[in-house]
$ cat work.csv   # CSV, C-alpha atoms
chain,number,residue,atom,x,y,z
J,1,MET,CA,4.3,8.3,-53.4
J,2,PRO,CA,3.7,6.7,-50.0
J,3,LEU,CA,6.0,7.4,-47.1
J,4,PRO,CA,8.4,4.6,-46.0
J,5,LEU,CA,7.1,2.5,-43.1
J,6,ALA,CA,9.8,3.9,-40.8
J,7,GLN,CA,8.8,7.5,-41.4
J,8,VAL,CA,5.1,6.6,-40.9
J,9,GLN,CA,5.9,5.0,-37.5
J,10,GLU,CA,8.0,8.0,-36.5
J,11,LEU,CA,5.2,10.4,-37.5
J,12,ARG,CA,2.7,8.3,-35.5
J,13,ASP,CA,4.9,8.3,-32.4
J,14,ARG,CA,5.3,12.1,-32.6
J,15,LEU,CA,1.6,12.7,-32.9
J,16,SER,CA,0.9,10.2,-30.1
J,17,ASP,CA,3.4,12.1,-27.8
J,18,ARG,CA,1.9,15.5,-28.8
J,19,PHE,CA,-1.7,14.5,-28.1
J,20,ARG,CA,-1.1,12.2,-25.1
J,21,PRO,CA,-1.6,15.0,-22.5
J,22,TRP,CA,-4.8,16.1,-24.1
J,23,SER,CA,-6.1,12.5,-24.2
J,24,ARG,CA,-5.1,12.0,-20.6
J,25,SER,CA,-6.8,15.2,-19.5
J,26,ALA,CA,-10.0,14.2,-21.3
J,27,GLN,CA,-10.0,10.8,-19.6
J,28,PHE,CA,-9.5,12.4,-16.2
J,29,TRP,CA,-12.4,14.9,-16.6
J,30,VAL,CA,-14.8,12.3,-17.9
J,31,ARG,CA,-14.1,10.0,-15.0
J,32,ALA,CA,-13.9,12.7,-12.3
J,33,VAL,CA,-17.3,14.2,-13.4
J,34,ASP,CA,-18.8,10.8,-13.4
J,35,ILE,CA,-17.7,10.1,-9.8
J,36,TYR,CA,-18.8,13.5,-8.6
J,37,GLY,CA,-22.1,13.3,-10.4
J,38,SER,CA,-22.9,9.9,-8.9
J,39,TYR,CA,-22.4,11.3,-5.4
J,40,LYS,CA,-24.6,14.3,-6.1
J,41,VAL,CA,-27.4,12.1,-7.4
J,42,CYS,CA,-27.1,9.9,-4.3
J,43,GLN,CA,-27.2,13.1,-2.1
J,44,LEU,CA,-30.4,14.1,-3.9
J,45,ARG,CA,-32.0,10.7,-3.6
J,46,THR,CA,-31.2,10.2,0.1
J,47,GLY,CA,-32.8,13.6,0.8
J,48,PHE,CA,-36.2,12.0,0.1
J,49,VAL,CA,-35.6,9.1,2.4
J,50,LYS,CA,-36.7,9.5,6.0
J,51,ASP,CA,-35.5,6.2,7.5
J,52,GLU,CA,-31.9,6.6,8.7
J,53,GLU,CA,-30.8,3.0,8.2
J,54,GLU,CA,-32.1,3.1,4.6
J,55,ARG,CA,-30.1,6.3,4.0
J,56,GLU,CA,-27.0,4.7,5.4
J,57,ALA,CA,-27.5,1.7,3.2
J,58,MET,CA,-27.8,3.9,0.1
J,59,TRP,CA,-24.6,5.7,1.0
J,60,GLU,CA,-22.7,2.5,1.6
J,61,GLN,CA,-23.8,1.2,-1.8
J,62,GLN,CA,-22.7,4.5,-3.4
J,63,HIS,CA,-19.3,4.3,-1.7
J,64,GLU,CA,-18.9,0.8,-3.1
J,65,ILE,CA,-19.7,2.1,-6.6
J,66,GLY,CA,-17.5,5.2,-6.1
J,67,ALA,CA,-14.6,3.1,-4.8
J,68,GLN,CA,-14.6,0.9,-7.9
J,69,LYS,CA,-14.8,4.0,-10.3
J,70,MET,CA,-11.9,5.7,-8.4
J,71,TYR,CA,-9.9,2.4,-8.5
J,72,SER,CA,-10.4,2.3,-12.3
J,73,LEU,CA,-9.3,5.9,-12.7
J,74,CYS,CA,-6.2,5.6,-10.6
J,75,SER,CA,-5.1,2.2,-11.9
J,76,GLU,CA,-5.6,3.0,-15.6
J,77,LEU,CA,-4.3,6.6,-15.6
J,78,GLY,CA,-1.5,5.9,-13.1
J,79,GLY,CA,1.0,8.7,-12.4
J,80,LEU,CA,-0.2,11.2,-9.9
J,81,PHE,CA,-3.5,9.3,-9.5
J,82,LEU,CA,-1.6,6.4,-7.9
J,83,LYS,CA,-0.3,8.8,-5.4
J,84,ALA,CA,-3.9,10.1,-4.9
J,85,ALA,CA,-4.9,6.5,-4.2
J,86,GLN,CA,-2.2,6.3,-1.5
J,87,ILE,CA,-3.5,9.4,0.1
J,88,LEU,CA,-7.2,8.4,-0.1
J,89,GLY,CA,-6.5,4.9,0.9
J,90,LYS,CA,-6.4,5.9,4.6
J,91,PRO,CA,-9.2,5.4,7.1
J,92,ASP,CA,-9.2,9.0,8.3
J,93,LEU,CA,-9.6,10.4,4.8
J,94,ALA,CA,-12.1,8.2,2.9
J,95,PRO,CA,-15.0,5.9,3.4
J,96,THR,CA,-14.2,2.3,4.3
J,97,ALA,CA,-15.1,1.0,0.9
J,98,TRP,CA,-12.6,3.4,-0.8
J,99,VAL,CA,-9.8,2.4,1.7
J,100,LYS,CA,-10.2,-1.3,1.1
J,101,ARG,CA,-10.2,-0.8,-2.7
J,102,LEU,CA,-7.5,1.8,-3.1
J,103,VAL,CA,-5.0,0.3,-0.6
J,104,THR,CA,-4.3,-2.5,-3.1
J,105,LEU,CA,-2.7,0.1,-5.5
J,106,CYS,CA,0.1,1.1,-3.2
J,107,ASP,CA,2.8,-0.8,-5.1
J,108,LYS,CA,1.0,-2.0,-8.2
J,109,ALA,CA,2.0,0.6,-10.7
J,110,PRO,CA,2.8,-0.5,-14.3
J,111,SER,CA,6.5,-1.3,-14.6
J,112,THR,CA,9.0,0.2,-17.0
J,113,PRO,CA,10.5,-2.4,-19.5
J,114,ILE,CA,13.9,-3.8,-18.6
J,115,GLU,CA,15.4,-2.4,-21.8
J,116,VAL,CA,14.4,1.1,-20.7
J,117,VAL,CA,15.7,0.5,-17.2
J,118,ARG,CA,19.1,-0.5,-18.5
J,119,ASP,CA,19.3,2.6,-20.6
J,120,VAL,CA,18.4,4.9,-17.7
J,121,VAL,CA,21.0,3.3,-15.4
J,122,GLU,CA,23.8,3.4,-18.0
J,123,LYS,CA,23.1,7.0,-18.8
J,124,GLN,CA,23.1,8.0,-15.2
J,125,PHE,CA,26.2,6.2,-14.2
J,126,CYS,CA,28.1,6.4,-17.5
J,127,LYS,CA,28.9,2.7,-17.4
J,128,SER,CA,27.6,-0.4,-19.2
J,129,PHE,CA,25.1,-2.5,-17.3
J,130,ASP,CA,27.5,-5.5,-17.3
J,131,GLU,CA,30.2,-3.4,-15.8
J,132,ILE,CA,28.0,-2.6,-12.8
J,133,PHE,CA,26.0,-5.8,-12.0
J,134,ASP,CA,26.7,-9.5,-11.7
J,135,PHE,CA,23.0,-10.0,-12.1
J,136,PHE,CA,19.9,-7.8,-12.3
J,137,GLU,CA,16.4,-9.3,-11.8
J,138,VAL,CA,14.2,-8.4,-14.7
J,139,GLU,CA,11.0,-8.3,-12.7
J,140,PRO,CA,10.9,-5.4,-10.2
J,141,VAL,CA,10.2,-6.2,-6.5
J,142,GLY,CA,7.9,-3.2,-6.5
J,143,SER,CA,6.7,-0.5,-8.8
J,144,ALA,CA,5.1,2.8,-7.7
J,145,SER,CA,4.0,6.0,-9.4
J,146,ILE,CA,7.5,7.5,-9.7
J,147,ALA,CA,10.0,4.6,-9.7
J,148,GLN,CA,10.4,0.9,-9.5
J,149,VAL,CA,12.9,-1.2,-7.5
J,150,HIS,CA,14.9,-4.2,-8.8
J,151,ARG,CA,17.0,-6.6,-6.9
J,152,ALA,CA,20.6,-6.9,-8.2
J,153,ARG,CA,24.1,-7.8,-7.2
J,154,LEU,CA,27.1,-5.5,-7.6
J,155,LYS,CA,30.0,-6.8,-9.5
J,156,SER,CA,32.5,-4.7,-7.4
J,157,SER,CA,31.5,-5.9,-4.0
J,158,LYS,CA,29.3,-9.0,-4.7
J,159,THR,CA,26.6,-7.6,-2.4
J,160,ASP,CA,22.9,-7.7,-3.1
J,161,VAL,CA,21.4,-4.3,-3.6
J,162,ALA,CA,18.0,-2.6,-4.3
J,163,VAL,CA,18.2,-0.4,-7.5
J,164,LYS,CA,15.5,2.3,-7.6
J,165,VAL,CA,15.0,3.6,-11.1
J,166,GLN,CA,12.6,6.5,-12.1
J,167,HIS,CA,10.0,5.9,-14.8
J,168,PRO,CA,11.1,8.0,-17.8
J,169,GLY,CA,8.5,10.7,-18.5
J,170,ALA,CA,6.7,10.3,-15.2
J,171,GLU,CA,7.5,13.8,-14.0
J,172,GLN,CA,6.0,15.5,-17.1
J,173,LEU,CA,2.9,13.4,-16.9
J,174,MET,CA,2.5,14.2,-13.2
J,175,MET,CA,2.6,17.9,-14.0
J,176,VAL,CA,-0.3,17.4,-16.5
J,177,ASP,CA,-2.2,15.5,-13.8
J,178,ILE,CA,-1.6,18.1,-11.1
J,179,ARG,CA,-2.9,20.9,-13.4
J,180,ASN,CA,-6.1,18.9,-14.0
J,181,MET,CA,-6.5,18.2,-10.4
J,182,GLN,CA,-6.0,21.9,-9.5
J,183,ALA,CA,-8.7,22.9,-12.0
J,184,PHE,CA,-11.1,20.3,-10.6
J,185,ALA,CA,-10.3,21.5,-7.0
J,186,LEU,CA,-11.2,25.1,-8.1
J,187,PHE,CA,-14.5,23.9,-9.5
J,188,LEU,CA,-15.4,22.0,-6.3
J,189,GLN,CA,-14.5,25.1,-4.2
J,190,LYS,CA,-16.6,27.4,-6.3
J,191,TYR,CA,-19.7,25.3,-6.5
J,192,ASP,CA,-19.8,22.7,-3.8
J,193,ILE,CA,-17.1,22.5,-1.0
J,194,ASN,CA,-16.3,25.2,1.5
J,195,PHE,CA,-12.7,24.1,1.8
J,196,ASP,CA,-9.4,25.3,0.3
J,197,LEU,CA,-8.6,22.2,-1.9
J,198,PHE,CA,-6.6,24.3,-4.3
J,199,SER,CA,-3.9,25.1,-1.7
J,200,ALA,CA,-3.7,21.4,-0.9
J,201,THR,CA,-3.0,20.6,-4.6
J,202,LYS,CA,-0.4,23.4,-4.8
J,203,GLU,CA,1.4,21.8,-1.8
J,204,MET,CA,1.2,18.4,-3.5
J,205,GLU,CA,2.8,20.0,-6.6
J,206,LYS,CA,5.7,21.3,-4.6
J,207,GLN,CA,6.2,17.9,-2.9
J,208,ILE,CA,6.1,16.0,-6.2
J,209,CYS,CA,9.0,18.1,-7.6
J,210,TYR,CA,11.1,17.0,-4.6
J,211,GLU,CA,10.3,13.3,-5.1
J,212,PHE,CA,12.1,13.1,-8.4
J,213,ASP,CA,15.4,14.0,-6.8
J,214,PHE,CA,17.0,10.8,-5.5
J,215,VAL,CA,20.2,12.7,-4.4
J,216,ARG,CA,18.0,14.5,-1.9
J,217,GLU,CA,16.4,11.2,-0.9
J,218,ALA,CA,19.8,9.6,-0.3
J,219,ARG,CA,20.8,12.5,2.0
J,220,ALA,CA,17.6,12.0,3.9
J,221,MET,CA,18.2,8.3,4.3
J,222,GLU,CA,21.7,8.9,5.7
J,223,ARG,CA,20.5,11.5,8.1
J,224,ILE,CA,17.7,9.2,9.5
J,225,ARG,CA,20.0,6.2,9.6
J,226,GLU,CA,22.6,8.1,11.7
J,227,PHE,CA,20.0,9.7,13.9
J,228,LEU,CA,18.5,6.4,14.9
J,229,ARG,CA,21.9,4.8,15.4
J,230,VAL,CA,23.1,7.4,17.9
J,231,SER,CA,19.7,7.7,19.6
J,232,ASN,CA,19.4,4.0,20.5
J,233,LYS,CA,21.5,1.0,21.6
J,234,LYS,CA,19.6,-0.9,18.9
J,235,PRO,CA,17.7,1.2,16.3
J,236,PRO,CA,13.9,0.4,16.3
J,237,VAL,CA,14.0,0.4,12.5
J,238,MET,CA,16.8,-0.5,10.0
J,239,VAL,CA,17.7,2.1,7.4
J,240,PRO,CA,19.4,0.5,4.3
J,241,ARG,CA,22.8,1.8,3.6
J,242,VAL,CA,23.2,4.0,0.5
J,243,ILE,CA,25.9,2.6,-1.8
J,244,PRO,CA,28.6,5.4,-2.2
J,245,GLY,CA,29.1,6.5,-5.8
J,246,MET,CA,25.8,5.0,-7.0
J,247,ILE,CA,23.5,7.9,-6.5
J,248,SER,CA,22.0,10.1,-9.2
J,249,ARG,CA,18.9,12.2,-9.7
J,250,GLU,CA,17.1,9.3,-11.4
J,251,VAL,CA,18.8,6.1,-9.9
J,252,LEU,CA,19.5,5.2,-6.3
J,253,VAL,CA,21.3,2.0,-5.3
J,254,MET,CA,21.0,0.9,-1.7
J,255,GLU,CA,21.5,-2.2,0.5
J,256,PHE,CA,18.8,-4.8,-0.2
J,257,ILE,CA,16.7,-5.9,2.8
J,258,GLN,CA,14.2,-8.8,2.4
J,259,GLY,CA,10.7,-8.1,3.8
J,260,THR,CA,7.0,-9.0,3.5
J,261,PRO,CA,4.5,-6.3,2.6
J,262,ILE,CA,2.4,-5.6,5.7
J,263,MET,CA,-0.8,-6.3,3.7
J,264,ASN,CA,0.5,-9.8,3.2
J,265,LEU,CA,1.4,-10.3,6.9
J,266,SER,CA,-1.6,-12.5,7.7
J,267,ASN,CA,-0.9,-14.8,4.7
J,268,GLU,CA,2.8,-15.1,5.7
J,269,MET,CA,1.8,-16.0,9.2
J,270,SER,CA,-0.5,-18.7,7.9
J,271,LYS,CA,2.2,-20.1,5.7
J,272,ARG,CA,4.4,-20.5,8.8
J,273,GLY,CA,1.6,-22.3,10.7
J,274,ILE,CA,0.7,-19.3,12.9
J,275,ASP,CA,-2.9,-18.3,13.5
J,276,PRO,CA,-3.2,-14.7,12.4
J,277,ALA,CA,-5.8,-14.2,15.1
J,278,GLY,CA,-3.9,-16.0,17.8
J,279,LYS,CA,-1.7,-14.9,20.7
J,280,LEU,CA,1.6,-15.3,19.0
J,281,ALA,CA,0.4,-13.1,16.1
J,282,ALA,CA,-0.9,-10.6,18.5
J,283,MET,CA,2.5,-10.4,20.2
J,284,ALA,CA,4.3,-10.0,16.8
J,285,LYS,CA,1.9,-7.2,15.8
J,286,GLN,CA,2.4,-5.5,19.1
J,287,LYS,CA,6.2,-5.6,18.6
J,288,ILE,CA,5.8,-4.1,15.1
J,289,LEU,CA,3.6,-1.3,16.5
J,290,THR,CA,6.0,-0.7,19.3
J,291,ASP,CA,9.0,-0.4,17.0
J,292,LEU,CA,7.2,1.9,14.6
J,293,THR,CA,5.8,4.1,17.4
J,294,LEU,CA,9.3,4.5,18.9
J,295,ALA,CA,10.9,5.3,15.6
J,296,TYR,CA,8.2,7.9,14.7
J,297,GLY,CA,8.3,9.4,18.2
J,298,GLN,CA,12.0,9.9,18.0
J,299,MET,CA,11.9,11.3,14.5
J,300,ILE,CA,9.1,13.7,15.2
J,301,LEU,CA,9.9,14.8,18.8
J,302,LYS,CA,13.7,14.6,18.9
J,303,ASP,CA,14.8,15.4,15.4
J,304,GLY,CA,11.8,16.9,13.6
J,305,PHE,CA,12.8,15.0,10.5
J,306,PHE,CA,10.4,12.2,9.7
J,307,HIS,CA,8.4,10.0,7.3
J,308,ALA,CA,5.1,11.6,6.5
J,309,ASP,CA,3.5,8.9,4.3
J,310,PRO,CA,3.2,5.6,6.2
J,311,HIS,CA,0.7,3.9,3.8
J,312,PRO,CA,0.8,0.1,3.7
J,313,GLY,CA,2.8,0.1,0.5
J,314,ASN,CA,5.7,1.6,2.5
J,315,ILE,CA,5.7,-1.0,5.3
J,316,LEU,CA,7.5,-4.3,5.0
J,317,ILE,CA,7.9,-6.9,7.7
J,318,CYS,CA,11.2,-8.6,8.3
J,319,ASN,CA,11.9,-12.0,9.8
J,320,ASN,CA,13.7,-10.9,12.9
J,321,THR,CA,13.2,-8.4,15.7
J,322,GLU,CA,14.4,-5.3,13.7
J,323,ALA,CA,12.5,-2.8,11.6
J,324,SER,CA,13.9,-1.1,8.5
J,325,ASP,CA,13.2,2.1,6.5
J,326,ALA,CA,14.1,1.8,2.8
J,327,TYR,CA,12.9,4.6,0.4
J,328,TYR,CA,13.0,8.3,1.1
J,329,GLN,CA,11.9,10.7,-1.6
J,330,ASN,CA,10.1,13.9,-0.8
J,331,VAL,CA,11.2,16.3,1.9
J,332,LYS,CA,9.7,19.5,3.2
J,333,ILE,CA,11.0,22.0,5.8
J,334,PHE,CA,8.7,22.4,8.9
J,335,PRO,CA,7.0,25.8,9.2
J,336,TYR,CA,9.0,26.5,12.4
J,337,GLY,CA,12.2,25.8,10.5
J,338,LYS,CA,13.5,22.8,12.4
J,339,GLY,CA,12.4,19.6,10.7
J,340,ILE,CA,11.7,18.0,7.4
J,341,PHE,CA,8.9,15.7,6.2
J,342,LEU,CA,9.9,12.5,4.4
J,343,ASP,CA,7.7,10.8,2.0
J,344,GLU,CA,7.8,7.6,0.0
J,345,TYR,CA,10.1,5.1,1.7
J,346,SER,CA,9.4,1.7,3.1
J,347,PHE,CA,9.3,0.9,6.7
J,348,MET,CA,10.4,-2.7,7.3
J,349,ALA,CA,9.1,-3.8,10.7
J,350,THR,CA,9.3,-7.2,12.3
J,351,LEU,CA,7.6,-10.6,12.7
J,352,TYR,CA,9.4,-11.9,15.7

$ encode --input "work.csv" --output "structure tokens"
Amino acid sequence: MPLPLAQVQELRDRLSDRFRPWSRSAQFWVRAVDIYGSYKVCQLRTGFVKDEEEREAMWEQQHEIGAQKMYSLCSELGGLFLKAAQILGKPDLAPTAWVKRLVTLCDKAPSTPIEVVRDVVEKQFCKSFDEIFDFFEVEPVGSASIAQVHRARLKSSKTDVAVKVQHPGAEQLMMVDIRNMQAFALFLQKYDINFDLFSATKEMEKQICYEFDFVREARAMERIREFLRVSNKKPPVMVPRVIPGMISREVLVMEFIQGTPIMNLSNEMSKRGIDPAGKLAAMAKQKILTDLTLAYGQMILKDGFFHADPHPGNILICNNTEASDAYYQNVKIFPYGKGIFLDEYSFMATLY
């Protein structure tokens, strides 16, 4: 006698959950070996070419191919690989082709459905959604590897807030990803690269565990906010206020601050009739750089407690002369025992 449809669906879901990590691992290894192998082939081919310009052209072509393959790996597998894209999408760590391709993934992670978001919020705060919010935007303003952020309005205070909600299951998937990455790092160390990549992945593992604790993040936000307030007549960056009583390990509610992603700055200037290459734009950019430099200088040199992941997805531009930090997740004590690294928050700098 055939099983009822509901039991068949339940069995299918259980099997899917059980074999998902294995499928994910297989996809990673196939793609990682493909990228690695293409670079080794290019290395071999360029060894037979005497002309330096021709060799450089071959490597540039290989970087373009590798960047597209890495983009596909990170965007399709998501999770930890989106964080890898954030790390590799920096000019000092990867070829230009990789930076240009991977930087677009900074806030483009797949979002969690609103029904699931509602369930997470209600379980964390032990209240119904309608008791907490007057409205809650269905589409997130941004979605990253660990969490997504929605704009909402609190019923109690009628103020607009940013609600940061973790993706359910993201922590477990990231642990699968980090194990695969560590195994690949050991392979590269043994056969190709004279560098301790494994220790770097172990450090990443430790930091990732911190990033899933939003209570810790809230404490970091308040510390930075107070430090910048007492250190300046007017803080170079604005730190959103954490809403008291609306903090849990998986949900963090804070003051909402409107901003433009720094990658869209030129487009925003054009919309306002400003030439992105003109003098006014140069003055605005200089002001942004000055504010960020001052904030970082004070955090690093005075307090030893600072943001350690300033990728473009973490930088927003406001419409006035202030800058603002928004999301603080991962922290790490300095080796000398004084300071803490802060990862994964947004810097909101200024246009004018």

$ closest_residue --input "work.csv" --among "J:Val230, J:Ala200, J:Ile114, J:Val251" --to "Arg216 of chain J" --atoms "all atoms listed in the file"
J:Val251

$ closest_residue --input "work.csv" --among "J:Asp192, J:Glu115, J:Glu205, J:Glu211" --to "Ser145 of chain J" --atoms "only C-alpha atoms"
J:Glu211

$ atom_distance --input "work.csv" --atom1 "atom CA of Arg24 of chain J" --atom2 "atom CA of Leu73 of chain J"
10.8 Å

$ closest_residue --input "work.csv" --among "J:Asp34, J:Glu54, J:Glu222, J:Glu171" --to "Gln207 of chain J" --atoms "only C-alpha atoms"
J:Glu171

$ atom_distance --input "work.csv" --atom1 "atom CA of Arg118 of chain J" --atom2 "atom CA of Glu250 of chain J"
12.3 Å

$ closest_residue --input "work.csv" --among "J:Asp130, J:Arg31, J:Pro261, J:Leu280" --to "Gly142 of chain J" --atoms "all atoms listed in the file"
J:Pro261

$ axis_aligned_box --input "work.csv" --around "segment 268-286 of chain J" --padding-each-side "4 Å" --output "JSON"
{"center_x": -0.7, "center_y": -13.9, "center_z": 13.2, "size_x": 18.2, "size_y": 24.8, "size_z": 23.0}

$ closest_residue --input "work.csv" --among "J:Met238, J:Leu80, J:Arg249, J:Phe184" --to "Ile208 of chain J" --atoms "only C-alpha atoms"
J:Leu80

$ atom_distance --input "work.csv" --atom1 "atom CA of Arg101 of chain J" --atom2 "atom CA of Asn264 of chain J"
15.2 Å

$ closest_residue --input "work.csv" --among "J:Tyr296, J:Trp59, J:Phe135, J:Phe305" --to "Thr46 of chain J" --atoms "all atoms listed in the file"
J:Trp59

$ residues_around --input "work.csv" --residues "Glu76 of chain J" --least-positions-apart "5" --cutoff "10 Å" --atoms "only C-alpha atoms" --output "VMD selection string"
chain J and resid 27 70 to 71 81 to 82 109 to 110

$ residues_near_point --input "work.csv" --point "(18.7, -2.7, -6.8)" --cutoff "12 Å" --atoms "all atoms listed in the file" --output "PyMOL selection string"
chain J and resi 117-118+121+132-142+147-154+159-165+240+242-243+246-247+251-258+326-327

$ residues_around --input "work.csv" --residues "Ser38 of chain J" --least-positions-apart "3" --cutoff "12 Å" --atoms "all atoms listed in the file" --output "PDB file with C-alpha atoms, keeping the file's coordinate frame"
ATOM      1  CA  ARG J  31     -14.100  10.000 -15.000  1.00  0.00           C
ATOM      2  CA  ALA J  32     -13.900  12.700 -12.300  1.00  0.00           C
ATOM      3  CA  VAL J  33     -17.300  14.200 -13.400  1.00  0.00           C
ATOM      4  CA  ASP J  34     -18.800  10.800 -13.400  1.00  0.00           C
ATOM      5  CA  ILE J  35     -17.700  10.100  -9.800  1.00  0.00           C
ATOM      6  CA  VAL J  41     -27.400  12.100  -7.400  1.00  0.00           C
ATOM      7  CA  CYS J  42     -27.100   9.900  -4.300  1.00  0.00           C
ATOM      8  CA  GLN J  43     -27.200  13.100  -2.100  1.00  0.00           C
ATOM      9  CA  LEU J  44     -30.400  14.100  -3.900  1.00  0.00           C
ATOM     10  CA  ARG J  45     -32.000  10.700  -3.600  1.00  0.00           C
ATOM     11  CA  MET J  58     -27.800   3.900   0.100  1.00  0.00           C
ATOM     12  CA  TRP J  59     -24.600   5.700   1.000  1.00  0.00           C
ATOM     13  CA  GLN J  61     -23.800   1.200  -1.800  1.00  0.00           C
ATOM     14  CA  GLN J  62     -22.700   4.500  -3.400  1.00  0.00           C
ATOM     15  CA  HIS J  63     -19.300   4.300  -1.700  1.00  0.00           C
ATOM     16  CA  GLU J  64     -18.900   0.800  -3.100  1.00  0.00           C
ATOM     17  CA  ILE J  65     -19.700   2.100  -6.600  1.00  0.00           C
ATOM     18  CA  GLY J  66     -17.500   5.200  -6.100  1.00  0.00           C
ATOM     19  CA  ALA J  67     -14.600   3.100  -4.800  1.00  0.00           C
ATOM     20  CA  LYS J  69     -14.800   4.000 -10.300  1.00  0.00           C
ATOM     21  CA  MET J  70     -11.900   5.700  -8.400  1.00  0.00           C
TER      22      MET J  70
END

$ build_atoms --input "work.csv" --residues "segment 111-122 of chain J" --atoms "N, CA, C and O atoms" --output "compact mmCIF listing (two decimals), keeping the file's coordinate frame"
# COMPACT_ATOMS: atom_id res chain seq x y z
N SER J 111 5.05 -1.35 -14.60
CA SER J 111 6.50 -1.30 -14.60
C SER J 111 7.09 -0.83 -15.90
O SER J 111 6.48 -1.03 -16.95
N THR J 112 8.26 -0.23 -15.84
CA THR J 112 9.00 0.20 -17.00
C THR J 112 9.75 -1.05 -17.58
O THR J 112 10.34 -1.81 -16.80
N PRO J 113 9.75 -1.28 -18.90
CA PRO J 113 10.50 -2.40 -19.50
C PRO J 113 11.94 -2.44 -19.11
O PRO J 113 12.57 -1.38 -18.96
N ILE J 114 12.50 -3.62 -18.98
CA ILE J 114 13.90 -3.80 -18.60
C ILE J 114 14.85 -3.07 -19.51
O ILE J 114 15.89 -2.54 -19.08
N GLU J 115 14.54 -3.04 -20.81
CA GLU J 115 15.40 -2.40 -21.80
C GLU J 115 15.55 -0.89 -21.46
O GLU J 115 16.63 -0.30 -21.58
N VAL J 116 14.44 -0.29 -21.08
CA VAL J 116 14.40 1.10 -20.70
C VAL J 116 15.18 1.36 -19.42
O VAL J 116 15.93 2.33 -19.26
N VAL J 117 14.97 0.45 -18.47
CA VAL J 117 15.70 0.50 -17.20
C VAL J 117 17.18 0.49 -17.39
O VAL J 117 17.93 1.29 -16.82
N ARG J 118 17.64 -0.43 -18.23
CA ARG J 118 19.10 -0.50 -18.50
C ARG J 118 19.60 0.79 -19.09
O ARG J 118 20.67 1.28 -18.70
N ASP J 119 18.85 1.39 -20.00
CA ASP J 119 19.30 2.60 -20.60
C ASP J 119 19.38 3.76 -19.62
O ASP J 119 20.35 4.54 -19.64
N VAL J 120 18.41 3.85 -18.71
CA VAL J 120 18.40 4.90 -17.70
C VAL J 120 19.65 4.74 -16.78
O VAL J 120 20.37 5.70 -16.50
N VAL J 121 19.89 3.51 -16.33
CA VAL J 121 21.00 3.30 -15.40
C VAL J 121 22.35 3.57 -16.10
O VAL J 121 23.22 4.22 -15.51
N GLU J 122 22.51 3.14 -17.34
CA GLU J 122 23.80 3.40 -18.00
C GLU J 122 24.02 4.84 -18.29
O GLU J 122 25.17 5.33 -18.17
